>>> print(open('data_0.pdb').read())   # PDB, N, CA and C atoms
MODEL        1
ATOM      1  N   MET A   9      -2.550 -59.975  79.476
ATOM      2  CA  MET A   9      -3.850 -60.441  79.043
ATOM      3  C   MET A   9      -4.618 -59.315  78.328
ATOM      4  N   LYS A  10      -4.545 -58.093  78.883
ATOM      5  CA  LYS A  10      -5.231 -56.971  78.257
ATOM      6  C   LYS A  10      -4.680 -56.691  76.867
ATOM      7  N   VAL A  11      -3.364 -56.842  76.723
ATOM      8  CA  VAL A  11      -2.725 -56.597  75.430
ATOM      9  C   VAL A  11      -3.256 -57.579  74.380
ATOM     10  N   ILE A  12      -3.408 -58.824  74.771
ATOM     11  CA  ILE A  12      -3.918 -59.844  73.847
ATOM     12  C   ILE A  12      -5.360 -59.528  73.451
ATOM     13  N   LEU A  13      -6.176 -59.136  74.426
ATOM     14  CA  LEU A  13      -7.572 -58.811  74.130
ATOM     15  C   LEU A  13      -7.684 -57.588  73.215
ATOM     16  N   ILE A  14      -6.875 -56.592  73.481
ATOM     17  CA  ILE A  14      -6.899 -55.381  72.653
ATOM     18  C   ILE A  14      -6.445 -55.713  71.232
ATOM     19  N   SER A  15      -5.387 -56.509  71.125
ATOM     20  CA  SER A  15      -4.888 -56.904  69.793
ATOM     21  C   SER A  15      -5.947 -57.709  69.039
ATOM     22  N   ALA A  16      -6.608 -58.604  69.725
ATOM     23  CA  ALA A  16      -7.644 -59.411  69.093
ATOM     24  C   ALA A  16      -8.811 -58.533  68.639
ATOM     25  N   ALA A  17      -9.181 -57.566  69.452
ATOM     26  CA  ALA A  17     -10.284 -56.661  69.106
ATOM     27  C   ALA A  17      -9.933 -55.829  67.874
ATOM     28  N   ILE A  18      -8.706 -55.344  67.803
ATOM     29  CA  ILE A  18      -8.265 -54.555  66.648
ATOM     30  C   ILE A  18      -8.253 -55.421  65.393
ATOM     31  N   ALA A  19      -7.732 -56.630  65.501
ATOM     32  CA  ALA A  19      -7.680 -57.534  64.350
ATOM     33  C   ALA A  19      -9.090 -57.867  63.871
ATOM     34  N   PHE A  20      -9.986 -58.143  64.801
ATOM     35  CA  PHE A  20     -11.362 -58.481  64.447
ATOM     36  C   PHE A  20     -12.050 -57.308  63.748
ATOM     37  N   SER A  21     -11.877 -56.085  64.271
ATOM     38  CA  SER A  21     -12.507 -54.927  63.646
ATOM     39  C   SER A  21     -11.958 -54.673  62.255
ATOM     40  N   THR A  22     -10.661 -54.881  62.069
ATOM     41  CA  THR A  22     -10.069 -54.691  60.746
ATOM     42  C   THR A  22     -10.664 -55.669  59.751
ATOM     43  N   VAL A  23     -10.770 -56.926  60.137
ATOM     44  CA  VAL A  23     -11.354 -57.942  59.255
ATOM     45  C   VAL A  23     -12.810 -57.607  58.963
ATOM     46  N   LEU A  24     -13.535 -57.217  59.968
ATOM     47  CA  LEU A  24     -14.942 -56.894  59.808
ATOM     48  C   LEU A  24     -15.137 -55.724  58.849
ATOM     49  N   LEU A  25     -14.334 -54.695  58.983
ATOM     50  CA  LEU A  25     -14.474 -53.526  58.119
ATOM     51  C   LEU A  25     -14.063 -53.816  56.684
ATOM     52  N   THR A  26     -13.003 -54.585  56.492
ATOM     53  CA  THR A  26     -12.538 -54.837  55.129
ATOM     54  C   THR A  26     -13.402 -55.837  54.390
ATOM     55  N   CYS A  27     -14.005 -56.767  55.078
ATOM     56  CA  CYS A  27     -14.820 -57.756  54.377
ATOM     57  C   CYS A  27     -16.138 -57.163  53.906
ATOM     58  N   CYS A  28     -16.584 -56.118  54.515
ATOM     59  CA  CYS A  28     -17.879 -55.536  54.173
ATOM     60  C   CYS A  28     -17.761 -54.339  53.239
ATOM     61  N   THR A  29     -16.556 -53.959  52.874
ATOM     62  CA  THR A  29     -16.348 -52.817  51.999
ATOM     63  C   THR A  29     -16.651 -53.225  50.557
ATOM     64  N   PRO A  30     -17.558 -52.503  49.895
ATOM     65  CA  PRO A  30     -17.874 -52.872  48.517
ATOM     66  C   PRO A  30     -16.698 -52.586  47.583
ATOM     67  N   LYS A  31     -16.633 -53.326  46.497
ATOM     68  CA  LYS A  31     -15.599 -53.105  45.495
ATOM     69  C   LYS A  31     -15.880 -51.777  44.802
ATOM     70  N   PRO A  32     -14.824 -51.062  44.398
ATOM     71  CA  PRO A  32     -15.040 -49.767  43.747
ATOM     72  C   PRO A  32     -15.936 -49.845  42.510
ATOM     73  N   GLU A  33     -15.817 -50.923  41.745
ATOM     74  CA  GLU A  33     -16.632 -51.025  40.531
ATOM     75  C   GLU A  33     -18.102 -51.266  40.842
ATOM     76  N   GLU A  34     -18.418 -51.545  42.099
ATOM     77  CA  GLU A  34     -19.811 -51.780  42.501
ATOM     78  C   GLU A  34     -20.444 -50.559  43.167
ATOM     79  N   MET A  35     -19.688 -49.471  43.296
ATOM     80  CA  MET A  35     -20.244 -48.297  43.980
ATOM     81  C   MET A  35     -21.395 -47.694  43.193
ATOM     82  N   ASP A  36     -22.311 -47.120  43.932
ATOM     83  CA  ASP A  36     -23.485 -46.476  43.345
ATOM     84  C   ASP A  36     -23.178 -44.992  43.186
ATOM     85  N   VAL A  37     -23.074 -44.531  41.954
ATOM     86  CA  VAL A  37     -22.695 -43.137  41.725
ATOM     87  C   VAL A  37     -23.735 -42.154  42.241
ATOM     88  N   THR A  38     -24.952 -42.604  42.432
ATOM     89  CA  THR A  38     -25.979 -41.693  42.954
ATOM     90  C   THR A  38     -25.734 -41.358  44.425
ATOM     91  N   ASP A  39     -24.838 -42.120  45.079
ATOM     92  CA  ASP A  39     -24.478 -41.817  46.463
ATOM     93  C   ASP A  39     -23.449 -40.695  46.554
ATOM     94  N   LEU A  40     -22.837 -40.341  45.428
ATOM     95  CA  LEU A  40     -21.821 -39.286  45.408
ATOM     96  C   LEU A  40     -22.528 -37.940  45.375
ATOM     97  N   ILE A  41     -22.144 -37.064  46.301
ATOM     98  CA  ILE A  41     -22.859 -35.799  46.419
ATOM     99  C   ILE A  41     -21.935 -34.595  46.189
ATOM    100  N   THR A  42     -20.860 -34.546  46.948
ATOM    101  CA  THR A  42     -19.964 -33.391  46.874
ATOM    102  C   THR A  42     -18.870 -33.614  45.837
ATOM    103  N   PRO A  43     -18.222 -32.551  45.380
ATOM    104  CA  PRO A  43     -17.092 -32.730  44.460
ATOM    105  C   PRO A  43     -16.023 -33.656  45.043
ATOM    106  N   CYS A  44     -15.800 -33.570  46.338
ATOM    107  CA  CYS A  44     -14.785 -34.422  46.970
ATOM    108  C   CYS A  44     -15.207 -35.890  46.980
ATOM    109  N   ASP A  45     -16.504 -36.167  47.025
ATOM    110  CA  ASP A  45     -16.984 -37.547  46.912
ATOM    111  C   ASP A  45     -16.563 -38.123  45.563
ATOM    112  N   TYR A  46     -16.685 -37.304  44.528
ATOM    113  CA  TYR A  46     -16.307 -37.744  43.184
ATOM    114  C   TYR A  46     -14.801 -37.974  43.094
ATOM    115  N   VAL A  47     -14.030 -37.071  43.645
ATOM    116  CA  VAL A  47     -12.570 -37.211  43.632
ATOM    117  C   VAL A  47     -12.163 -38.482  44.375
ATOM    118  N   ASP A  48     -12.758 -38.718  45.530
ATOM    119  CA  ASP A  48     -12.437 -39.915  46.310
ATOM    120  C   ASP A  48     -12.823 -41.193  45.557
ATOM    121  N   ALA A  49     -13.961 -41.148  44.876
ATOM    122  CA  ALA A  49     -14.400 -42.315  44.101
ATOM    123  C   ALA A  49     -13.428 -42.591  42.954
ATOM    124  N   TYR A  50     -13.023 -41.530  42.263
ATOM    125  CA  TYR A  50     -12.013 -41.684  41.207
ATOM    126  C   TYR A  50     -10.754 -42.338  41.768
ATOM    127  N   GLU A  51     -10.331 -41.867  42.932
ATOM    128  CA  GLU A  51      -9.087 -42.376  43.502
ATOM    129  C   GLU A  51      -9.175 -43.866  43.820
ATOM    130  N   LYS A  52     -10.276 -44.297  44.395
ATOM    131  CA  LYS A  52     -10.436 -45.723  44.708
ATOM    132  C   LYS A  52     -10.353 -46.581  43.453
ATOM    133  N   ILE A  53     -11.006 -46.126  42.407
ATOM    134  CA  ILE A  53     -10.999 -46.890  41.165
ATOM    135  C   ILE A  53      -9.614 -46.866  40.522
ATOM    136  N   LEU A  54      -8.997 -45.701  40.500
ATOM    137  CA  LEU A  54      -7.661 -45.596  39.910
ATOM    138  C   LEU A  54      -6.648 -46.449  40.656
ATOM    139  N   ASP A  55      -6.751 -46.506  41.981
ATOM    140  CA  ASP A  55      -5.830 -47.345  42.756
ATOM    141  C   ASP A  55      -5.918 -48.798  42.309
ATOM    142  N   ASP A  56      -7.129 -49.291  42.125
ATOM    143  CA  ASP A  56      -7.306 -50.679  41.696
ATOM    144  C   ASP A  56      -6.838 -50.883  40.251
ATOM    145  N   LEU A  57      -7.117 -49.913  39.390
ATOM    146  CA  LEU A  57      -6.659 -50.022  38.004
ATOM    147  C   LEU A  57      -5.136 -50.042  37.918
ATOM    148  N   ILE A  58      -4.491 -49.209  38.692
ATOM    149  CA  ILE A  58      -3.026 -49.147  38.693
ATOM    150  C   ILE A  58      -2.448 -50.469  39.181
ATOM    151  N   LEU A  59      -3.055 -51.040  40.220
ATOM    152  CA  LEU A  59      -2.588 -52.346  40.703
ATOM    153  C   LEU A  59      -2.691 -53.407  39.608
ATOM    154  N   LEU A  60      -3.795 -53.398  38.894
ATOM    155  CA  LEU A  60      -3.968 -54.375  37.821
ATOM    156  C   LEU A  60      -2.965 -54.151  36.688
ATOM    157  N   GLU A  61      -2.772 -52.902  36.313
ATOM    158  CA  GLU A  61      -1.886 -52.608  35.193
ATOM    159  C   GLU A  61      -0.407 -52.801  35.530
ATOM    160  N   ASN A  62      -0.068 -52.761  36.807
ATOM    161  CA  ASN A  62       1.332 -52.920  37.203
ATOM    162  C   ASN A  62       1.715 -54.376  37.448
ATOM    163  N   LYS A  63       0.783 -55.279  37.241
ATOM    164  CA  LYS A  63       1.107 -56.700  37.424
ATOM    165  C   LYS A  63       2.132 -57.110  36.376
ATOM    166  N   GLU A  64       3.089 -57.899  36.817
ATOM    167  CA  GLU A  64       4.146 -58.322  35.896
ATOM    168  C   GLU A  64       3.665 -59.399  34.931
ATOM    169  N   GLU A  65       2.809 -60.285  35.406
ATOM    170  CA  GLU A  65       2.309 -61.327  34.513
ATOM    171  C   GLU A  65       1.053 -60.834  33.798
ATOM    172  N   GLU A  66       0.683 -61.556  32.771
ATOM    173  CA  GLU A  66      -0.490 -61.199  31.990
ATOM    174  C   GLU A  66      -1.746 -61.313  32.857
ATOM    175  N   LEU A  67      -2.690 -60.415  32.620
ATOM    176  CA  LEU A  67      -3.929 -60.430  33.397
ATOM    177  C   LEU A  67      -4.758 -61.656  33.044
ATOM    178  N   SER A  68      -5.362 -62.229  34.072
ATOM    179  CA  SER A  68      -6.290 -63.339  33.839
ATOM    180  C   SER A  68      -7.562 -62.768  33.212
ATOM    181  N   GLU A  69      -8.421 -63.645  32.773
ATOM    182  CA  GLU A  69      -9.676 -63.191  32.167
ATOM    183  C   GLU A  69     -10.522 -62.406  33.171
ATOM    184  N   SER A  70     -10.577 -62.874  34.404
ATOM    185  CA  SER A  70     -11.375 -62.163  35.416
ATOM    186  C   SER A  70     -10.753 -60.800  35.746
ATOM    187  N   GLU A  71      -9.424 -60.721  35.769
ATOM    188  CA  GLU A  71      -8.765 -59.435  36.026
ATOM    189  C   GLU A  71      -8.991 -58.470  34.860
ATOM    190  N   SER A  72      -8.955 -58.996  33.672
ATOM    191  CA  SER A  72      -9.205 -58.173  32.487
ATOM    192  C   SER A  72     -10.648 -57.656  32.490
ATOM    193  N   ASN A  73     -11.575 -58.518  32.851
ATOM    194  CA  ASN A  73     -12.981 -58.099  32.962
ATOM    195  C   ASN A  73     -13.151 -57.040  34.042
ATOM    196  N   ARG A  74     -12.452 -57.232  35.148
ATOM    197  CA  ARG A  74     -12.531 -56.260  36.242
ATOM    198  C   ARG A  74     -11.971 -54.909  35.805
ATOM    199  N   SER A  75     -10.879 -54.940  35.060
ATOM    200  CA  SER A  75     -10.287 -53.705  34.547
ATOM    201  C   SER A  75     -11.293 -52.959  33.676
ATOM    202  N   GLU A  76     -12.001 -53.679  32.841
ATOM    203  CA  GLU A  76     -13.023 -53.059  31.990
ATOM    204  C   GLU A  76     -14.157 -52.474  32.827
ATOM    205  N   LEU A  77     -14.565 -53.201  33.869
ATOM    206  CA  LEU A  77     -15.625 -52.696  34.761
ATOM    207  C   LEU A  77     -15.174 -51.413  35.467
ATOM    208  N   LEU A  78     -13.923 -51.384  35.901
ATOM    209  CA  LEU A  78     -13.396 -50.196  36.574
ATOM    210  C   LEU A  78     -13.355 -49.003  35.622
ATOM    211  N   GLN A  79     -12.934 -49.242  34.393
ATOM    212  CA  GLN A  79     -12.887 -48.155  33.410
ATOM    213  C   GLN A  79     -14.291 -47.657  33.082
ATOM    214  N   GLU A  80     -15.227 -48.566  33.016
ATOM    215  CA  GLU A  80     -16.621 -48.178  32.774
ATOM    216  C   GLU A  80     -17.159 -47.358  33.947
ATOM    217  N   LYS A  81     -16.784 -47.740  35.155
ATOM    218  CA  LYS A  81     -17.233 -47.001  36.339
ATOM    219  C   LYS A  81     -16.653 -45.581  36.341
ATOM    220  N   LEU A  82     -15.401 -45.428  35.889
ATOM    221  CA  LEU A  82     -14.823 -44.081  35.765
ATOM    222  C   LEU A  82     -15.659 -43.222  34.821
ATOM    223  N   ARG A  83     -16.052 -43.802  33.688
ATOM    224  CA  ARG A  83     -16.887 -43.057  32.732
ATOM    225  C   ARG A  83     -18.244 -42.703  33.351
ATOM    226  N   GLU A  84     -18.809 -43.651  34.084
ATOM    227  CA  GLU A  84     -20.111 -43.426  34.727
ATOM    228  C   GLU A  84     -20.022 -42.290  35.756
ATOM    229  N   ILE A  85     -18.951 -42.289  36.530
ATOM    230  CA  ILE A  85     -18.765 -41.230  37.528
ATOM    231  C   ILE A  85     -18.622 -39.875  36.839
ATOM    232  N   LYS A  86     -17.826 -39.835  35.776
ATOM    233  CA  LYS A  86     -17.616 -38.589  35.037
ATOM    234  C   LYS A  86     -18.936 -38.061  34.483
ATOM    235  N   GLU A  87     -19.718 -38.936  33.863
ATOM    236  CA  GLU A  87     -21.005 -38.532  33.304
ATOM    237  C   GLU A  87     -21.954 -38.028  34.390
ATOM    238  N   HIS A  88     -21.975 -38.712  35.512
ATOM    239  CA  HIS A  88     -22.860 -38.310  36.606
ATOM    240  C   HIS A  88     -22.448 -36.940  37.153
ATOM    241  N   ALA A  89     -21.143 -36.721  37.289
ATOM    242  CA  ALA A  89     -20.649 -35.430  37.766
ATOM    243  C   ALA A  89     -21.035 -34.321  36.787
ATOM    244  N   GLU A  90     -20.907 -34.609  35.486
ATOM    245  CA  GLU A  90     -21.284 -33.618  34.471
ATOM    246  C   GLU A  90     -22.783 -33.323  34.522
ATOM    247  N   ASP A  91     -23.587 -34.354  34.722
ATOM    248  CA  ASP A  91     -25.043 -34.166  34.812
ATOM    249  C   ASP A  91     -25.418 -33.257  35.979
ATOM    250  N   LEU A  92     -24.630 -33.318  37.059
ATOM    251  CA  LEU A  92     -24.911 -32.493  38.234
ATOM    252  C   LEU A  92     -24.135 -31.179  38.220
ATOM    253  N   ASP A  93     -23.465 -30.895  37.105
ATOM    254  CA  ASP A  93     -22.676 -29.672  36.940
ATOM    255  C   ASP A  93     -21.586 -29.516  38.011
ATOM    256  N   ILE A  94     -20.962 -30.620  38.368
ATOM    257  CA  ILE A  94     -19.833 -30.561  39.300
ATOM    258  C   ILE A  94     -18.591 -30.284  38.467
ATOM    259  N   SER A  95     -17.995 -29.144  38.702
ATOM    260  CA  SER A  95     -16.888 -28.692  37.856
ATOM    261  C   SER A  95     -15.531 -29.156  38.378
ATOM    262  N   GLU A  96     -14.565 -29.145  37.476
ATOM    263  CA  GLU A  96     -13.192 -29.460  37.870
ATOM    264  C   GLU A  96     -12.682 -28.394  38.839
ATOM    265  N   LYS A  97     -13.135 -27.161  38.638
ATOM    266  CA  LYS A  97     -12.727 -26.066  39.529
ATOM    267  C   LYS A  97     -13.127 -26.382  40.974
ATOM    268  N   ALA A  98     -14.314 -26.903  41.164
ATOM    269  CA  ALA A  98     -14.770 -27.272  42.515
ATOM    270  C   ALA A  98     -13.970 -28.457  43.033
ATOM    271  N   ALA A  99     -13.663 -29.403  42.153
ATOM    272  CA  ALA A  99     -12.913 -30.600  42.555
ATOM    273  C   ALA A  99     -11.481 -30.259  42.948
ATOM    274  N   ARG A 100     -10.924 -29.215  42.358
ATOM    275  CA  ARG A 100      -9.539 -28.815  42.673
ATOM    276  C   ARG A 100      -9.355 -28.467  44.145
ATOM    277  N   LYS A 101     -10.431 -28.108  44.812
ATOM    278  CA  LYS A 101     -10.349 -27.730  46.232
ATOM    279  C   LYS A 101     -10.276 -28.941  47.161
ATOM    280  N   CYS A 102     -10.478 -30.124  46.611
ATOM    281  CA  CYS A 102     -10.472 -31.347  47.425
ATOM    282  C   CYS A 102      -9.042 -31.767  47.743
ATOM    283  N   PRO A 103      -8.828 -32.303  48.946
ATOM    284  CA  PRO A 103      -7.469 -32.667  49.362
ATOM    285  C   PRO A 103      -6.798 -33.719  48.477
ATOM    286  N   ASN A 104      -7.568 -34.599  47.859
ATOM    287  CA  ASN A 104      -6.980 -35.684  47.059
ATOM    288  C   ASN A 104      -6.867 -35.346  45.578
ATOM    289  N   PHE A 105      -7.211 -34.148  45.184
ATOM    290  CA  PHE A 105      -7.264 -33.823  43.765
ATOM    291  C   PHE A 105      -5.910 -34.013  43.073
ATOM    292  N   LYS A 106      -4.847 -33.506  43.657
ATOM    293  CA  LYS A 106      -3.519 -33.610  43.031
ATOM    294  C   LYS A 106      -3.096 -35.069  42.898
ATOM    295  N   SER A 107      -3.386 -35.839  43.910
ATOM    296  CA  SER A 107      -3.057 -37.260  43.890
ATOM    297  C   SER A 107      -3.811 -37.973  42.767
ATOM    298  N   VAL A 108      -5.069 -37.659  42.614
ATOM    299  CA  VAL A 108      -5.893 -38.277  41.574
ATOM    300  C   VAL A 108      -5.388 -37.876  40.194
ATOM    301  N   ARG A 109      -5.017 -36.637  40.044
ATOM    302  CA  ARG A 109      -4.507 -36.160  38.749
ATOM    303  C   ARG A 109      -3.242 -36.936  38.349
ATOM    304  N   LYS A 110      -2.353 -37.169  39.331
ATOM    305  CA  LYS A 110      -1.131 -37.931  39.059
ATOM    306  C   LYS A 110      -1.458 -39.375  38.682
ATOM    307  N   LYS A 111      -2.434 -39.942  39.373
ATOM    308  CA  LYS A 111      -2.814 -41.326  39.104
ATOM    309  C   LYS A 111      -3.435 -41.474  37.724
ATOM    310  N   PHE A 112      -4.191 -40.466  37.283
ATOM    311  CA  PHE A 112      -4.778 -40.511  35.946
ATOM    312  C   PHE A 112      -3.693 -40.618  34.881
ATOM    313  N   LYS A 113      -2.573 -39.974  35.121
ATOM    314  CA  LYS A 113      -1.473 -40.012  34.150
ATOM    315  C   LYS A 113      -0.838 -41.400  34.070
ATOM    316  N   LYS A 114      -0.970 -42.193  35.138
ATOM    317  CA  LYS A 114      -0.414 -43.536  35.154
ATOM    318  C   LYS A 114      -1.265 -44.546  34.415
ATOM    319  N   VAL A 115      -2.538 -44.213  34.253
ATOM    320  CA  VAL A 115      -3.471 -45.178  33.660
ATOM    321  C   VAL A 115      -3.574 -44.982  32.160
TER     322      VAL A 115
ENDMDL
END
>>> encode(input="data_0.pdb", output="C-alpha cells")
Amino acid sequence: MKVILISAAIAFSTVLLTCCTPKPEEMDVTDLITPCDYVDAYEKILDDLILLENKEEELSESESNRSELLQEKLREIKEHAEDLDISEKAARKCPNFKSVRKKFKKV
C-alpha cells in the first residue's frame, strides 16, 4: 500500500511540475541574472529548436511559428546579455557551456 501511495505522489508531483513550466519562448529575459542563467536559457531554447528541426515530416504552421518565436527569443537573450555586458568568457565557466556550444552547431 505504501508503495502505491509513494508512486502516486511521485506521479502527481511530476505532472504538477511539468504542467506549470513555462515554454522557453515565453521566458522573461529580465529574469536572467548570471552568465549561467543565460547559458541555461539558451540550452532550453536550443533543445526545443533541435526537436523541431529533427522532425522527419514537414513542420506544421504552428510548429513553424514556434520555431520562429524560439529563434527570436535567442536573439532577445543575446541582446539582453550584451546590454548587461555578460561576456562569453564569463559564460565559459558555466557547466552547460560546452553542451550549448555543440547544440548551436546543430541549429
>>> closest_residue(input="data_0.pdb", among="A:Leu92, A:Leu59, A:Leu67, A:Ile53", to="Gln79 of chain A", atoms="all atoms listed in the file")
A:Ile53
>>> select_by_dssp(input="data_0.pdb", residues="chain A", states="alpha helix (DSSP H)", output="PyMOL selection string")
chain A and resi 10-27+43-61+69-91+96-99+105-114
>>> closest_residue(input="data_0.pdb", among="A:Val47, A:Leu78, A:Val37, A:Val108", to="Ser95 of chain A", atoms="only C-alpha atoms")
A:Val47
>>> closest_residue(input="data_0.pdb", among="A:Leu60, A:Asp39, A:Glu51, A:Glu33", to="Lys106 of chain A", atoms="only C-alpha atoms")
A:Glu51
>>> atom_distance(input="data_0.pdb", atom1="atom C of Ala49 of chain A", atom2="atom CA of Leu82 of chain A")
7.5 Å
>>> atom_distance(input="data_0.pdb", atom1="atom N of Pro32 of chain A", atom2="atom C of Ala89 of chain A")
19.4 Å
>>> closest_residue(input="data_0.pdb", among="A:Glu64, A:Leu54, A:Lys81, A:Glu76", to="Met35 of chain A", atoms="only C-alpha atoms")
A:Lys81
>>> atom_distance(input="data_0.pdb", atom1="atom N of Asn62 of chain A", atom2="atom N of Lys111 of chain A")
13.3 Å
>>> resolve_selection(input="data_0.pdb", expression="the PyMOL selection byres ((chain A and resi 100-103) around 8)", output="MDAnalysis selection string")
chainID A and resid 43:45 47:48 95:99 104:108
